[in-house]
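Chemist: Shown below is the structure under consideration.
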Amino acid sequence: MFINKIITELKLELLKDLPSNKAHQRMMPKNRILVSYDDITTEIPKLSSVLILLYPKNNQLFTVFIKRQEYEGVHSGQIAFPGGKYEEKDINLINTALREGNEEIGIDVSAIEILGKLSELFIPRSNFMVLPVIGYTPVPQLFTINHKEVNKVIEVSLEELLSPNNISENEFIVIGNKKIIAPCYVFGNHKVWGATAMIVSELIEVLKASDKSVI
């Protein structure tokens with residue numbers, strides 16, 4: 001009953017105006033500039049989406065992140081939500097998020113209810129425009145990792161996600177062996193920063209606004 005109330009209130013909140021840039025800026029790396037689709041004047045961005053999956057575990061709601069495998073690329077080894085690039089076979093970006101969630105960590109998409117979407121976010125370093133899709137399944141999850149793409153899954157309860165004690169600032173090494181200072185969320189031994197942290201920031205704002213009495 002408690003979980004159902006959270007899901008119902010969240011679904012309604014996602015129909016309202018989203019905090020968007022205000023939330024994104026809170027976790028934005030230093031010296032980064034927010035860019036909207038209309039501001040992009042170079043090459044057309046690649047469309048992509050990520051799946052923010054909510055599911056029950058131990059009488060709580062959880063979400064899942066993935067730690068990407070190391071590879072020669074901008075997002076090597078980073079922590080993110082399951083997701084990836086839009087493909088021609090996808091009906092839309094919601095379908096992209098579901099397909100990637102299934103391919104990367106074996107999420108059973110048949111029982112997922114789409115609650116809504118967060119604000120799109122442009123990632124300059126990889127030229128991706130990312131749409132975060134929020135889904136809920138009442139089915140507890142047993143993840144099957146595709147080790148070609150994913151190193152591990154990281155499950156985080158909403159209670160932990162919402163804790164202000166998890167916000168920190170750390171030094172990160174990016175492509176070209178450059179060091180940057182960025183705000184991040186710390187879940188156990190894992191640091192979530194960059195675009196994913198900016199998405200999490202908006203998710204937290206929406207969760208808090210949905211119903212303070214149940215969060």
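If you're wondering about the labels, chains in the structure tokens are A, B, ... by order shown, residues count from 1 in each chain, ligands from 1 in order shown.
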Segment 66-69 of chain A: which residues within 8 Å, counting only C-alpha atoms, same-chain residues fewer than 2 positions away excluded, as a PyMOL selection string?
Modeler: chain A and resi 64+71+75-82+147-154
Chemist: Would you give me, as an MDAnalysis selection string, the residues in segment 98-177 of chain A that DSSP reads as strand (DSSP E or B)?
Modeler: chainID A and resid 113:117 121:123 128:136 150:157 167:174
Chemist: Atoms to include: N, CA and C atoms. Write the selected residues as a compact mmCIF listing (two decimals), in the first residue's frame.
Modeler:
```txt
# COMPACT_ATOMS: atom_id res chain seq x y z
N GLU A 113 5.46 -0.61 -15.94
CA GLU A 113 4.55 0.51 -16.22
C GLU A 113 5.40 1.77 -16.36
N ILE A 114 5.24 2.48 -17.46
CA ILE A 114 5.96 3.74 -17.65
C ILE A 114 5.24 4.84 -16.88
N LEU A 115 5.93 5.44 -15.92
CA LEU A 115 5.34 6.48 -15.08
C LEU A 115 5.46 7.86 -15.72
N GLY A 116 6.51 8.05 -16.50
CA GLY A 116 6.73 9.36 -17.12
C GLY A 116 8.19 9.54 -17.48
N LYS A 117 8.54 10.77 -17.78
CA LYS A 117 9.90 11.10 -18.21
C LYS A 117 10.41 12.31 -17.46
N LEU A 121 18.67 15.78 -21.34
CA LEU A 121 19.95 16.36 -20.93
C LEU A 121 20.99 16.09 -22.03
N PHE A 122 21.66 17.15 -22.46
CA PHE A 122 22.69 17.01 -23.50
C PHE A 122 24.04 16.77 -22.85
N ILE A 123 24.77 15.77 -23.38
CA ILE A 123 26.11 15.46 -22.89
C ILE A 123 27.11 15.87 -23.97
N PHE A 128 25.56 13.14 -26.94
CA PHE A 128 24.30 12.43 -26.73
C PHE A 128 23.26 13.36 -26.11
N MET A 129 22.04 13.28 -26.61
CA MET A 129 20.89 13.89 -25.95
C MET A 129 20.15 12.75 -25.26
N VAL A 130 20.09 12.80 -23.94
CA VAL A 130 19.58 11.68 -23.15
C VAL A 130 18.20 12.00 -22.58
N LEU A 131 17.28 11.07 -22.78
CA LEU A 131 15.94 11.17 -22.19
C LEU A 131 15.82 10.15 -21.07
N PRO A 132 15.66 10.58 -19.81
CA PRO A 132 15.45 9.64 -18.70
C PRO A 132 13.99 9.20 -18.64
N VAL A 133 13.76 7.91 -18.67
CA VAL A 133 12.43 7.31 -18.63
C VAL A 133 12.26 6.60 -17.29
N ILE A 134 11.17 6.90 -16.59
CA ILE A 134 10.93 6.29 -15.29
C ILE A 134 9.88 5.19 -15.43
N GLY A 135 10.24 3.99 -14.99
CA GLY A 135 9.32 2.86 -15.04
C GLY A 135 9.20 2.19 -13.68
N TYR A 136 8.08 1.50 -13.49
CA TYR A 136 7.86 0.77 -12.23
C TYR A 136 7.42 -0.65 -12.55
N VAL A 150 28.55 -4.35 -19.17
CA VAL A 150 28.32 -3.98 -17.77
C VAL A 150 29.25 -4.74 -16.85
N ASN A 151 29.89 -4.02 -15.94
CA ASN A 151 30.77 -4.64 -14.96
C ASN A 151 29.99 -5.18 -13.77
N LYS A 152 29.01 -4.39 -13.30
CA LYS A 152 28.21 -4.80 -12.15
C LYS A 152 26.96 -3.94 -12.05
N VAL A 153 25.98 -4.42 -11.27
CA VAL A 153 24.80 -3.62 -10.97
C VAL A 153 24.92 -3.08 -9.55
N ILE A 154 24.33 -1.92 -9.34
CA ILE A 154 24.37 -1.27 -8.03
C ILE A 154 22.93 -0.91 -7.66
N GLU A 155 22.39 -1.59 -6.67
CA GLU A 155 21.02 -1.35 -6.24
C GLU A 155 21.01 -0.33 -5.10
N VAL A 156 20.14 0.67 -5.22
CA VAL A 156 20.07 1.74 -4.23
C VAL A 156 18.60 1.95 -3.86
N SER A 157 18.31 1.94 -2.56
CA SER A 157 16.94 2.20 -2.11
C SER A 157 16.62 3.68 -2.27
N ILE A 167 25.69 13.37 -0.59
CA ILE A 167 26.23 14.35 -1.54
C ILE A 167 27.64 14.75 -1.13
N SER A 168 28.55 14.71 -2.09
CA SER A 168 29.95 15.04 -1.83
C SER A 168 30.54 15.76 -3.04
N GLU A 169 31.83 16.01 -2.99
CA GLU A 169 32.55 16.60 -4.12
C GLU A 169 33.88 15.89 -4.23
N ASN A 170 34.23 15.46 -5.43
CA ASN A 170 35.44 14.67 -5.61
C ASN A 170 36.17 15.05 -6.89
N GLU A 171 37.39 14.56 -6.99
CA GLU A 171 38.19 14.74 -8.20
C GLU A 171 38.01 13.51 -9.09
N PHE A 172 37.77 13.75 -10.36
CA PHE A 172 37.59 12.66 -11.32
C PHE A 172 38.54 12.85 -12.49
N ILE A 173 38.98 11.73 -13.05
CA ILE A 173 39.85 11.76 -14.23
C ILE A 173 39.01 11.46 -15.46
N VAL A 174 39.06 12.34 -16.44
CA VAL A 174 38.26 12.17 -17.65
C VAL A 174 39.19 11.86 -18.83
```
Chemist: Which residue out of A:Met28, A:Ile6, A:Leu207, A:Leu51 has the minimum interatomic distance to Trp193 of chain A when only C-alpha atoms are used?
Modeler: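 Closest to Trp193 of chain A, using only C-alpha atoms: A:Met28.
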Chemist: Segment 1-186 of chain A: which residues are alpha helix (DSSP H) by DSSP, as a PyMOL selection string?
Modeler: chain A and resi 2-13+21-26+93-105+158-161
Chemist: Quick one, how far is atom CA of Ile44 of chain A from atom CA of Arg26 of chain A?
Modeler: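 Distance reported for this atom pair: 26.5 Å.
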Chemist: Of the candidates A:Leu47, A:Leu12, A:Leu98, A:Leu18, which one gets nearest to Ser126 of chain A if we count only C-alpha atoms?
Modeler: A:Leu47
Chemist: For a quick check of understanding, using only C-alpha atoms, which of A:Leu53, A:Leu158, A:Val200, A:Ile91 has the smallest distance to Val109 of chain A?
Modeler: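 When distances to Val109 of chain A are compared using only C-alpha atoms, the smallest one comes from A:Leu53.
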Chemist: By how many Å are atom CA of Pro124 of chain A and atom CA of Glu88 of chain A apart?
Modeler: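 So the answer is 22.7 Å.
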